[in-house]
Amino acid sequence: MAKSSKKPQPVLPKDALTRVSVGHSFAEYDTLLENKWAFVNTPAMAQAVESTGEKCLFVGRRGTGKTAITRFVESNKRATIIHPQTLSSANLPDGIDKFKDTRQRPFTSIVHAFKRTLLLEFLAAWIRNGDVNEYEFVGDVKRESRLLQEEDFDFKLVAILEEYEHASKSEKEWLKYLRRVKALALGMGNLSEGIAKHRILIDRVDEDWDGSDKAIVMLMALMHAAVQLNIEVSFARTMVFCRENIFERVREIDNEFARLETWIVSLDWTRELLLQLVERRLLVPFNTRTPLGGPTWDHFFELENGVSSYEWVFEQCQHRPRDVLMYVDYAIDGARARRHNQVQIEDLHEAKKKFSDSRLKDLGDEYSENFHQIQLVLARFFGLTTCYTIAAIRDIIAALIADEQIKTACGKWIYANSAPESFIGLLFDIGFIGIRNPSANIVYRSHGARAKALPKIDDHTQIEIHPTFHDALQLRDSVLTELKDATLREVGILLDIPGSIDLVEYQDKLDSLAEELSTLPKGEKHATEYEDVVGQVIKYSLFHVLTNLEPQSPGKKGRVRRDWIAANVAHAGFWNMVRNRYGATQVVFECKNYETLDSSDFQQMGYYLSRPIGGFGVIAFRGEIKNHYYEHIQRIANQQNGNAIVVLLGDRDLRVFIRQARNGGVKDGHIQDIYDKTVRKIS
């Protein structure tokens, strides 16, 4: 009898489900990304990795893989990741309106400031990598030695912008200012022979984003600078990774946007790529590798009526990779809890409610900088229906405008979007609703810089809330034709504010904190007031992760200190990572109402971190970080065998927490950036 030529299919162990992990849905904390097998070679990934790739503006919604790409490129290529912190806080002379026209001198000057700063970052990378020595520098490159001493991207940029402010007063000085970029690029070009191309990846621009005109102009200038540098020099490549909602703000005011548009890489995910994303992660623990493209999914997930379940899951997750990983993780946890060897259909449906709650909150967080407290508006749909006529939408808009809480929290944008088509367009753009016209399928907005435009809207159009949010909002499966038989509720969804305080009081408190921080004098005389301000910032902006805030006992020599200690109760994100990595069940805050820290400040913090409370401490002070501070932090880490670290917060960082809290919730990204920079400095 002839032997079959068909190869036997690999078989995974029966207990495979107990051994798998799809990793963390946030790339910042995802240890699976240390395994190359877990990465999916998307078109955007291929463009970023390719040394001759031309496109340099990577645009996608939150959770579409921007940070994952930067991590992969950094670990596998010559690359530097930069998280700029000055887009909102940089000082621009003569008012912002003069900088909005991309064809005029003020905007050109900011572009040149970014180009020169980026060139200096490439030069610094060459020095770090041993590609060049500073004694080789001559002419225009050598003249930049002063700025090279500034290790931080933001400090370099601020210094160059200060040069522009001086040069702008004289035609001759301004021309010299512009010439420095061209001369530096030429000098570096002469040095670059034999040096492999280096990449700069600019990510998390949204963490210093306050939605102001200044922030938009600065981001716009950064993008133009990246495009121009990639055209002008062959020895380096700059890539900017930007959230879609922020990128749209640039589109609105850039009168030369067409120049940027041809350089865009859209972070789109097809069904096939999403399937591969999950399957690769499921197979990481095993030497046996079942085929990708469906068989691996079907090994772990029950078929429904003979059909694979991944299409249904991807639709629920709006084809967004972060959401797919989150949903799959919830379903696997549920299956394990029920002692299933395979994720059953009931496990997928049970995961839907938890996912829906999480996704609704995430949507509000994502757009809080564009539309302050937008979660309040989304929450008003609670208990209504899945589908609405245009007449019902008009009624809802009228009810929202009459709502005192909405007027107070959302007035800056709700009135500008009070026309039905504008209001529908806003909800469509953020992915909350889809649009159905007669004799047509429902259209949801796809993700990416070139996503689907708003379909035609007329009196026959119906608006449908995306199924992702049905469970969180407890919607009835019916069509609402008018609001007279229903009311908008203020209950059902918990606002991200402390208990025993309403939204108006909360925002007023944050406003007064911002004002007090800006006007509070430095020095010992006002130390207690500063400590109180820091304590209030912790209480009102970090309350969801740090609780039971208490002042510490009096310090040495009888000096009364009002420093703070808080319980770390985070279950996810940055603070959960800190809890696990450093055993930080408690977090200590030291408050110094002066500009310059000395060794005793760090010794004091090191004393606290030697106790069982854990190894994570924060020093809030009124100055700028100096490089030698990191030597003290490194000493603390070494004393605790790497199980302790201290991060430093200045006034600007506290203002970021206050602003984000006022707009709808503090994000982890800013404190994560500070932590990442500290780790790199002491490593």
# chains A, B, ... in the order shown; residues from 1 in each chain; ligands from 1
>>> select_by_dssp(residues="range 302-478 of chain A", states="strand (DSSP E or B)", output="ChimeraX atom specification")
/A:304,307,343,385-389,433-436,443-444,462-465,476-478
>>> residues_around(residues="Trp269 in chain A", least_positions_apart="5", cutoff="10 Å", atoms="only C-alpha atoms", output="NGL selection string")
:A and (42-44 or 64-65 or 274-275 or 277 or 319-321 or 446-448)
>>> write_last_selection(atoms="C-alpha atoms", output="compact mmCIF listing (two decimals), in the first residue's frame")
# COMPACT_ATOMS: atom_id res chain seq x y z
CA THR A 42 2.25 45.11 8.50
CA PRO A 43 2.75 47.57 5.61
CA ALA A 44 3.49 50.28 8.18
CA THR A 64 -3.19 50.66 16.12
CA GLY A 65 0.46 49.77 16.70
CA LEU A 274 -5.30 40.83 12.90
CA LEU A 275 -5.68 37.06 12.76
CA LEU A 277 -1.42 39.06 15.39
CA HIS A 319 -10.60 46.00 13.67
CA ARG A 320 -8.26 47.70 16.12
CA PRO A 321 -5.34 45.50 17.26
CA SER A 446 -12.50 52.86 9.05
CA HIS A 447 -9.28 53.71 10.86
CA GLY A 448 -6.36 55.52 9.31
>>> residues_around(residues="Glu315 in chain A", least_positions_apart="3", cutoff="10 Å", atoms="only C-alpha atoms", output="ChimeraX atom specification")
/A:271,310-312,318-320,324,466-468
>>> residues_around(residues="range 159-166 of chain A", least_positions_apart="6", cutoff="10 Å", atoms="only C-alpha atoms", output="PyMOL selection string")
chain A and resi 90-94+106+109-110+112-114+116-117+147+150+173-174+177-178
>>> closest_residue(among="A:Ala392, A:Val141, A:Met577, A:Ala79", to="Thr31 in chain A", atoms="only C-alpha atoms")
A:Met577
>>> select_by_dssp(residues="range 303-490 of chain A", states="helix (DSSP H, G or I)", output="number ranges by chain")
A: 310-316, 321-337, 345-366, 374-379, 390-402, 404-417, 420-429, 467-473
>>> residues_around(residues="His349 in chain A", least_positions_apart="5", cutoff="12 Å", atoms="only C-alpha atoms", output="ChimeraX atom specification")
/A:304,309,312-313,316,327-328,330-332,334-335,343-344,354-356,468,471
>>> residues_around(residues="range 35-39 of chain A", least_positions_apart="6", cutoff="10 Å", atoms="only C-alpha atoms", output="list of chain:residue names")
A:Val22, A:Gly23, A:Met45, A:Ala68, A:Ile69, A:Phe72, A:Ser75, A:Asn76, A:Gln276, A:Leu277, A:Val278, A:Glu279, A:Arg280, A:Arg281, A:Leu282, A:Leu283, A:Val284
>>> write_last_selection(atoms="C-alpha atoms", output="mmCIF file, in the first residue's frame")
data_model
loop_
_atom_site.group_PDB
_atom_site.id
_atom_site.type_symbol
_atom_site.label_atom_id
_atom_site.label_comp_id
_atom_site.auth_asym_id
_atom_site.auth_seq_id
_atom_site.Cartn_x
_atom_site.Cartn_y
_atom_site.Cartn_z
ATOM 1 C CA VAL A 22 -1.614 37.296 24.237
ATOM 2 C CA GLY A 23 0.499 39.849 26.107
ATOM 3 C CA MET A 45 6.076 48.057 9.903
ATOM 4 C CA ALA A 68 4.914 48.630 18.880
ATOM 5 C CA ILE A 69 6.595 49.699 15.635
ATOM 6 C CA PHE A 72 10.664 46.902 17.074
ATOM 7 C CA SER A 75 15.560 46.952 19.108
ATOM 8 C CA ASN A 76 16.510 45.811 15.603
ATOM 9 C CA GLN A 276 -1.926 36.661 12.445
ATOM 10 C CA LEU A 277 -1.422 39.064 15.386
ATOM 11 C CA VAL A 278 -3.435 36.826 17.732
ATOM 12 C CA GLU A 279 -2.206 33.501 16.374
ATOM 13 C CA ARG A 280 1.472 34.416 16.623
ATOM 14 C CA ARG A 281 1.058 35.415 20.267
ATOM 15 C CA LEU A 282 -0.865 32.250 21.102
ATOM 16 C CA LEU A 283 1.968 30.130 19.689
ATOM 17 C CA VAL A 284 4.872 31.869 21.458
#
>>> residues_around(residues="Val233 in chain A", least_positions_apart="5", cutoff="9 Å", atoms="only C-alpha atoms", output="list in words")
Ala185, Leu186, Gly189 and Gln228 of chain A
>>> write_last_selection(atoms="C-alpha atoms", output="short mmCIF file (atom, residue, chain, number, x, y, z; two decimals), in the first residue's frame")
data_model
loop_
_atom_site.label_atom_id
_atom_site.label_comp_id
_atom_site.auth_asym_id
_atom_site.auth_seq_id
_atom_site.Cartn_x
_atom_site.Cartn_y
_atom_site.Cartn_z
CA ALA A 185 23.70 69.22 7.23
CA LEU A 186 26.56 69.72 4.76
CA GLY A 189 27.23 64.80 5.19
CA GLN A 228 12.29 68.20 4.51
#
>>> atom_distance(atom1="CA of Arg489 in chain A", atom2="CA of Val504 in chain A")
17.5 Å
>>> atom_distance(atom1="CA of Ile414 in chain A", atom2="CA of Phe371 in chain A")
8.3 Å
>>> closest_atom_pairs(of="range 85-199 of chain A", to="range 242-264 of chain A", cutoff="8 Å", atoms="only C-alpha atoms", output="JSON lines")
{"residue": "A:Lys100", "atom": "CA", "partner": "A:Ile253", "partner_atom": "CA", "distance": 7.4}
{"residue": "A:Asp101", "atom": "CA", "partner": "A:Asn255", "partner_atom": "CA", "distance": 6.9}
{"residue": "A:Thr102", "atom": "CA", "partner": "A:Asn255", "partner_atom": "CA", "distance": 6.5}
>>> closest_residue(among="A:Asp502, A:Glu482, A:Glu550, A:Asp365", to="Gln660 in chain A", atoms="only C-alpha atoms")
A:Asp365
>>> atom_distance(atom1="CA of Ile465 in chain A", atom2="CA of Ile433 in chain A")
4.2 Å
>>> closest_residue(among="A:Tyr540, A:Phe469, A:Trp413, A:Trp297", to="Ala379 in chain A", atoms="only C-alpha atoms")
A:Phe469
>>> decode(residues="range 535-598 of chain A", atoms="C-alpha atoms", output="PDB file, in the first residue's frame")
ATOM      1  CA  GLY A 535      -0.883  66.658  47.718  1.00  0.00           C
ATOM      2  CA  GLN A 536      -3.981  68.150  46.093  1.00  0.00           C
ATOM      3  CA  VAL A 537      -2.660  67.306  42.614  1.00  0.00           C
ATOM      4  CA  ILE A 538      -2.201  63.686  43.708  1.00  0.00           C
ATOM      5  CA  LYS A 539      -5.639  63.618  45.309  1.00  0.00           C
ATOM      6  CA  TYR A 540      -7.545  65.093  42.376  1.00  0.00           C
ATOM      7  CA  SER A 541      -5.655  63.774  39.354  1.00  0.00           C
ATOM      8  CA  LEU A 542      -4.239  60.379  40.399  1.00  0.00           C
ATOM      9  CA  PHE A 543      -7.078  59.248  42.671  1.00  0.00           C
ATOM     10  CA  HIS A 544      -7.984  56.270  40.481  1.00  0.00           C
ATOM     11  CA  VAL A 545      -4.589  54.605  41.094  1.00  0.00           C
ATOM     12  CA  LEU A 546      -3.231  56.242  44.283  1.00  0.00           C
ATOM     13  CA  THR A 547      -5.533  56.243  47.297  1.00  0.00           C
ATOM     14  CA  ASN A 548      -5.463  56.662  51.075  1.00  0.00           C
ATOM     15  CA  LEU A 549      -3.222  59.706  50.710  1.00  0.00           C
ATOM     16  CA  GLU A 550      -1.581  60.652  54.017  1.00  0.00           C
ATOM     17  CA  PRO A 551       1.117  63.093  55.174  1.00  0.00           C
ATOM     18  CA  GLN A 552       4.211  61.533  56.690  1.00  0.00           C
ATOM     19  CA  SER A 553       5.439  62.019  60.246  1.00  0.00           C
ATOM     20  CA  PRO A 554       7.818  64.863  61.222  1.00  0.00           C
ATOM     21  CA  GLY A 555      11.327  64.572  59.832  1.00  0.00           C
ATOM     22  CA  LYS A 556      14.746  64.816  61.331  1.00  0.00           C
ATOM     23  CA  LYS A 557      15.746  67.705  63.590  1.00  0.00           C
ATOM     24  CA  GLY A 558      12.102  68.416  64.323  1.00  0.00           C
ATOM     25  CA  ARG A 559      11.426  69.972  60.920  1.00  0.00           C
ATOM     26  CA  VAL A 560       7.763  69.436  60.092  1.00  0.00           C
ATOM     27  CA  ARG A 561       7.370  67.965  56.629  1.00  0.00           C
ATOM     28  CA  ARG A 562       4.142  67.551  54.755  1.00  0.00           C
ATOM     29  CA  ASP A 563       5.413  65.026  52.238  1.00  0.00           C
ATOM     30  CA  TRP A 564       2.971  62.383  51.099  1.00  0.00           C
ATOM     31  CA  ILE A 565       2.530  58.624  50.945  1.00  0.00           C
ATOM     32  CA  ALA A 566      -0.238  56.955  48.918  1.00  0.00           C
ATOM     33  CA  ALA A 567      -1.447  53.389  48.466  1.00  0.00           C
ATOM     34  CA  ASN A 568      -0.931  52.045  44.939  1.00  0.00           C
ATOM     35  CA  VAL A 569      -4.128  50.189  43.981  1.00  0.00           C
ATOM     36  CA  ALA A 570      -3.647  50.105  40.190  1.00  0.00           C
ATOM     37  CA  HIS A 571      -4.756  46.951  38.397  1.00  0.00           C
ATOM     38  CA  ALA A 572      -3.354  47.874  34.996  1.00  0.00           C
ATOM     39  CA  GLY A 573      -1.102  50.338  33.197  1.00  0.00           C
ATOM     40  CA  PHE A 574       1.964  52.179  34.424  1.00  0.00           C
ATOM     41  CA  TRP A 575       1.221  52.146  38.145  1.00  0.00           C
ATOM     42  CA  ASN A 576       0.471  48.427  38.071  1.00  0.00           C
ATOM     43  CA  MET A 577       3.827  47.883  36.362  1.00  0.00           C
ATOM     44  CA  VAL A 578       5.493  49.911  39.137  1.00  0.00           C
ATOM     45  CA  ARG A 579       3.688  47.851  41.766  1.00  0.00           C
ATOM     46  CA  ASN A 580       4.891  44.589  40.223  1.00  0.00           C
ATOM     47  CA  ARG A 581       8.400  45.690  39.229  1.00  0.00           C
ATOM     48  CA  TYR A 582       9.369  47.511  42.439  1.00  0.00           C
ATOM     49  CA  GLY A 583       6.961  46.020  44.982  1.00  0.00           C
ATOM     50  CA  ALA A 584       5.500  49.516  45.289  1.00  0.00           C
ATOM     51  CA  THR A 585       2.326  48.920  47.246  1.00  0.00           C
ATOM     52  CA  GLN A 586       2.932  52.454  48.543  1.00  0.00           C
ATOM     53  CA  VAL A 587       4.360  55.461  46.683  1.00  0.00           C
ATOM     54  CA  VAL A 588       6.324  58.168  48.515  1.00  0.00           C
ATOM     55  CA  PHE A 589       6.256  61.793  47.352  1.00  0.00           C
ATOM     56  CA  GLU A 590       8.899  64.262  48.525  1.00  0.00           C
ATOM     57  CA  CYS A 591       8.096  67.940  47.885  1.00  0.00           C
ATOM     58  CA  LYS A 592      10.884  70.511  47.483  1.00  0.00           C
ATOM     59  CA  ASN A 593       9.839  74.115  46.941  1.00  0.00           C
ATOM     60  CA  TYR A 594      13.147  75.102  45.400  1.00  0.00           C
ATOM     61  CA  GLU A 595      14.876  74.846  42.023  1.00  0.00           C
ATOM     62  CA  THR A 596      18.080  72.931  42.799  1.00  0.00           C
ATOM     63  CA  LEU A 597      18.242  69.535  44.487  1.00  0.00           C
ATOM     64  CA  ASP A 598      21.270  68.303  46.416  1.00  0.00           C
TER      65      ASP A 598
END
